[in-house]
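Report on the structure given below.
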Amino acid sequence: MAATILIVEDEPAIQELISYNLRNAGYAVLCAGSAEQAKDMVNDVLPDLVLLDWMLPNISGIEFARMLRQGIRTKMVPIIMLTARVEESDKVTGLEIGADDYIIKPFSPRELIARIKAVLRRRLPEASDELVEVGGLRLDPTTHRVTVNDLEDDSRSSEIALGPTEFRLLHFLMTHTERVHTRGQLLDRVWGDHVFVEDRTVDVHIRRLRRALEEAGKDELVQTVRGAGYRFSTRCEAGAE
Ligand code: CA
């Protein structure tokens, strides 16, 4: 479940260097040499993060960032600006239009990856490789395993077998707990962009997820909120089933 990063950079050598380092760090990488090309790519696949060079031909990085922030589909995409500029006023401009971070060239690959990780952790916790532990469940994105970590009864299996969709669904829910998610929101965030499936699909997978959790006595963590959607909660509240 590697995060997809779109690099928008018109200098081929820099684009290649960044791309190489990001692939090595386990990311899926898309490259564009201009904002126009990036626009087409974003229309096809919404990336999890955009690394955006400030100085681009025709449409500048700042203009493109503004476009992304104005688009309904793209307004939430995390953006890190890359720039050779060092003036404080530019930094303010970059952050004002909604960039999440700002990196000044030249930068080391290690610094870049640390910044990317920090932004993804903050903005997109379900795309991070970090171990998640909530409500006695432990989910490890690197091994794709879910285990129960407060076993009192040895006869219960400690590993929970999940299909890929249920795994992604649980990962999303465990990184966004105590909040109600509508079926539409879950489709956007778990099934992804440009997927045209019915809301009922969500119910089917929630049911499968609950059935898998039931064996470990953890199905009550996934709650139905009538007329609203679903919630992952370690508390039992009125209105939940
Ligand atoms: Ca440039």
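In the structure tokens, chains take letters A, B, ... by order of appearance, with residues numbered from 1 within each chain and ligands from 1 in the order shown.
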
Legend entry - Expected selection as a PyMOL selection string for ligand 1 within 10 Å, only C-alpha atoms and all ligand atoms: chain A and resi 8-12+14-15+33-34+52-57+60-61+82-84

For the selection you just gave me, I'd like the residues written to a file as a PDB file, in the first residue's frame, keeping N, CA and C atoms.
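This went into selection.pdb:
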ATOM      1  N   VAL A   8       6.553  17.000  -9.797  1.00  0.00           N
ATOM      2  CA  VAL A   8       6.409  17.962 -10.887  1.00  0.00           C
ATOM      3  C   VAL A   8       7.673  18.811 -10.894  1.00  0.00           C
ATOM      4  N   GLU A   9       8.536  18.553 -11.850  1.00  0.00           N
ATOM      5  CA  GLU A   9       9.867  19.186 -11.878  1.00  0.00           C
ATOM      6  C   GLU A   9      10.322  19.207 -13.327  1.00  0.00           C
ATOM      7  N   ASP A  10      10.728  20.382 -13.814  1.00  0.00           N
ATOM      8  CA  ASP A  10      11.087  20.487 -15.224  1.00  0.00           C
ATOM      9  C   ASP A  10      12.548  20.173 -15.506  1.00  0.00           C
ATOM     10  N   GLU A  11      13.371  20.094 -14.469  1.00  0.00           N
ATOM     11  CA  GLU A  11      14.775  19.739 -14.718  1.00  0.00           C
ATOM     12  C   GLU A  11      14.941  18.220 -14.630  1.00  0.00           C
ATOM     13  N   PRO A  12      15.251  17.586 -15.783  1.00  0.00           N
ATOM     14  CA  PRO A  12      15.288  16.125 -15.825  1.00  0.00           C
ATOM     15  C   PRO A  12      16.224  15.498 -14.797  1.00  0.00           C
ATOM     16  N   ILE A  14      17.134  16.561 -11.837  1.00  0.00           N
ATOM     17  CA  ILE A  14      16.567  16.628 -10.474  1.00  0.00           C
ATOM     18  C   ILE A  14      15.374  15.669 -10.361  1.00  0.00           C
ATOM     19  N   GLN A  15      14.557  15.677 -11.423  1.00  0.00           N
ATOM     20  CA  GLN A  15      13.401  14.776 -11.441  1.00  0.00           C
ATOM     21  C   GLN A  15      13.853  13.320 -11.260  1.00  0.00           C
ATOM     22  N   GLY A  33       6.900  16.895 -16.214  1.00  0.00           N
ATOM     23  CA  GLY A  33       7.876  17.941 -16.470  1.00  0.00           C
ATOM     24  C   GLY A  33       7.267  19.332 -16.507  1.00  0.00           C
ATOM     25  N   SER A  34       5.945  19.400 -16.439  1.00  0.00           N
ATOM     26  CA  SER A  34       5.270  20.694 -16.454  1.00  0.00           C
ATOM     27  C   SER A  34       3.943  20.568 -15.714  1.00  0.00           C
ATOM     28  N   LEU A  52       6.161  19.597  -5.679  1.00  0.00           N
ATOM     29  CA  LEU A  52       5.925  20.577  -6.725  1.00  0.00           C
ATOM     30  C   LEU A  52       7.015  21.631  -6.782  1.00  0.00           C
ATOM     31  N   ASP A  53       7.710  21.672  -7.923  1.00  0.00           N
ATOM     32  CA  ASP A  53       8.729  22.693  -8.131  1.00  0.00           C
ATOM     33  C   ASP A  53       8.058  24.047  -8.315  1.00  0.00           C
ATOM     34  N   TRP A  54       8.646  25.050  -7.708  1.00  0.00           N
ATOM     35  CA  TRP A  54       8.068  26.395  -7.777  1.00  0.00           C
ATOM     36  C   TRP A  54       8.222  26.969  -9.187  1.00  0.00           C
ATOM     37  N   MET A  55       9.458  26.875  -9.741  1.00  0.00           N
ATOM     38  CA  MET A  55       9.766  27.482 -11.029  1.00  0.00           C
ATOM     39  C   MET A  55       9.539  26.474 -12.149  1.00  0.00           C
ATOM     40  N   LEU A  56       8.395  26.580 -12.790  1.00  0.00           N
ATOM     41  CA  LEU A  56       8.068  25.710 -13.914  1.00  0.00           C
ATOM     42  C   LEU A  56       7.758  26.591 -15.123  1.00  0.00           C
ATOM     43  N   PRO A  57       7.964  26.083 -16.342  1.00  0.00           N
ATOM     44  CA  PRO A  57       7.611  26.879 -17.520  1.00  0.00           C
ATOM     45  C   PRO A  57       6.092  27.058 -17.615  1.00  0.00           C
ATOM     46  N   SER A  60       3.248  28.260 -13.331  1.00  0.00           N
ATOM     47  CA  SER A  60       4.223  28.087 -12.242  1.00  0.00           C
ATOM     48  C   SER A  60       3.705  27.101 -11.207  1.00  0.00           C
ATOM     49  N   GLY A  61       4.615  26.655 -10.364  1.00  0.00           N
ATOM     50  CA  GLY A  61       4.249  25.733  -9.297  1.00  0.00           C
ATOM     51  C   GLY A  61       3.185  26.323  -8.378  1.00  0.00           C
ATOM     52  N   LEU A  82       8.982  22.628  -3.813  1.00  0.00           N
ATOM     53  CA  LEU A  82      10.443  22.578  -3.932  1.00  0.00           C
ATOM     54  C   LEU A  82      10.871  23.905  -4.539  1.00  0.00           C
ATOM     55  N   THR A  83      11.858  24.503  -3.964  1.00  0.00           N
ATOM     56  CA  THR A  83      12.237  25.786  -4.519  1.00  0.00           C
ATOM     57  C   THR A  83      13.683  26.160  -4.272  1.00  0.00           C
ATOM     58  N   ALA A  84      14.201  26.993  -5.165  1.00  0.00           N
ATOM     59  CA  ALA A  84      15.547  27.521  -4.986  1.00  0.00           C
ATOM     60  C   ALA A  84      15.453  28.877  -4.304  1.00  0.00           C
TER      61      ALA A  84
END

Surrounding residues of Ala25 (chain A) excluding itself and chain neighbours under 3 positions, 8 Å, only C-alpha atoms, as an mmCIF file with all heavy atoms, in the first residue's frame:
data_model
loop_
_atom_site.group_PDB
_atom_site.id
_atom_site.type_symbol
_atom_site.label_atom_id
_atom_site.label_comp_id
_atom_site.auth_asym_id
_atom_site.auth_seq_id
_atom_site.Cartn_x
_atom_site.Cartn_y
_atom_site.Cartn_z
ATOM 1 N N ASN A 21 15.336 8.178 -5.592
ATOM 2 C CA ASN A 21 15.350 8.074 -4.134
ATOM 3 C C ASN A 21 13.991 7.693 -3.551
ATOM 4 O O ASN A 21 13.911 6.959 -2.577
ATOM 5 C CB ASN A 21 15.847 9.381 -3.518
ATOM 6 C CG ASN A 21 17.356 9.491 -3.612
ATOM 7 O OD1 ASN A 21 18.072 8.811 -2.882
ATOM 8 N ND2 ASN A 21 17.845 10.300 -4.533
ATOM 9 N N LEU A 22 12.929 8.201 -4.170
ATOM 10 C CA LEU A 22 11.593 7.875 -3.657
ATOM 11 C C LEU A 22 11.248 6.414 -3.918
ATOM 12 O O LEU A 22 10.665 5.740 -3.089
ATOM 13 C CB LEU A 22 10.526 8.785 -4.270
ATOM 14 C CG LEU A 22 10.597 10.272 -3.898
ATOM 15 C CD1 LEU A 22 9.360 10.991 -4.399
ATOM 16 C CD2 LEU A 22 10.746 10.458 -2.402
ATOM 17 N N ILE A 113 12.847 12.771 2.174
ATOM 18 C CA ILE A 113 12.017 11.634 2.578
ATOM 19 C C ILE A 113 11.459 11.825 3.986
ATOM 20 O O ILE A 113 10.303 11.501 4.256
ATOM 21 C CB ILE A 113 12.800 10.315 2.402
ATOM 22 C CG1 ILE A 113 12.870 10.019 0.897
ATOM 23 C CG2 ILE A 113 12.128 9.151 3.132
ATOM 24 C CD1 ILE A 113 13.915 9.049 0.475
#

Legend entry - Who sits within 10 Å of region 40-42 of chain A, only C-alpha atoms, same chain under 6 positions skipped, as a ChimeraX atom specification: /A:6,30-32,50,68,73-74

Spatial neighbours of Pro47 (chain A), max dist 6 Å, only C-alpha atoms, sep filter under 2 positions, as a compact mmCIF listing (two decimals) with N, CA, C and O atoms, in the first residue's frame:
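Below is the file result-v6.txt, written as the result:
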# COMPACT_ATOMS: atom_id res chain seq x y z
N THR A 4 1.48 6.94 -3.44
CA THR A 4 1.89 7.39 -4.77
C THR A 4 2.23 8.87 -4.71
O THR A 4 1.44 9.69 -4.23
N ILE A 5 3.44 9.20 -5.19
CA ILE A 5 3.90 10.59 -5.15
C ILE A 5 4.11 11.10 -6.56
O ILE A 5 4.76 10.45 -7.38
N LEU A 49 0.43 12.46 -2.67
CA LEU A 49 1.18 13.66 -2.33
C LEU A 49 1.79 14.21 -3.62
O LEU A 49 2.14 13.45 -4.51

Legend entry - Shortest interatomic distance to Asp199 (chain A) - which of A:Gly184, A:Asp140, A:Ile104, A:Leu213, counting only C-alpha atoms: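 So, comparing all the options, the nearest one is A:Gly184.
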
Legend entry - Neighbour list for Thr175 (chain A) as a PyMOL selection string, cut-off 9 Å, only C-alpha atoms, skip fewer than 2 positions in-chain: chain A and resi 124-126+132+134+170-173+177

Inset, instruction - Could you give me, as a PyMOL selection string, each residue of region 3-83 of chain A that DSSP assigns to strand (DSSP E or B) when run on this structure's backbone? - result: chain A and resi 4-8+28-32+49-53+79-83
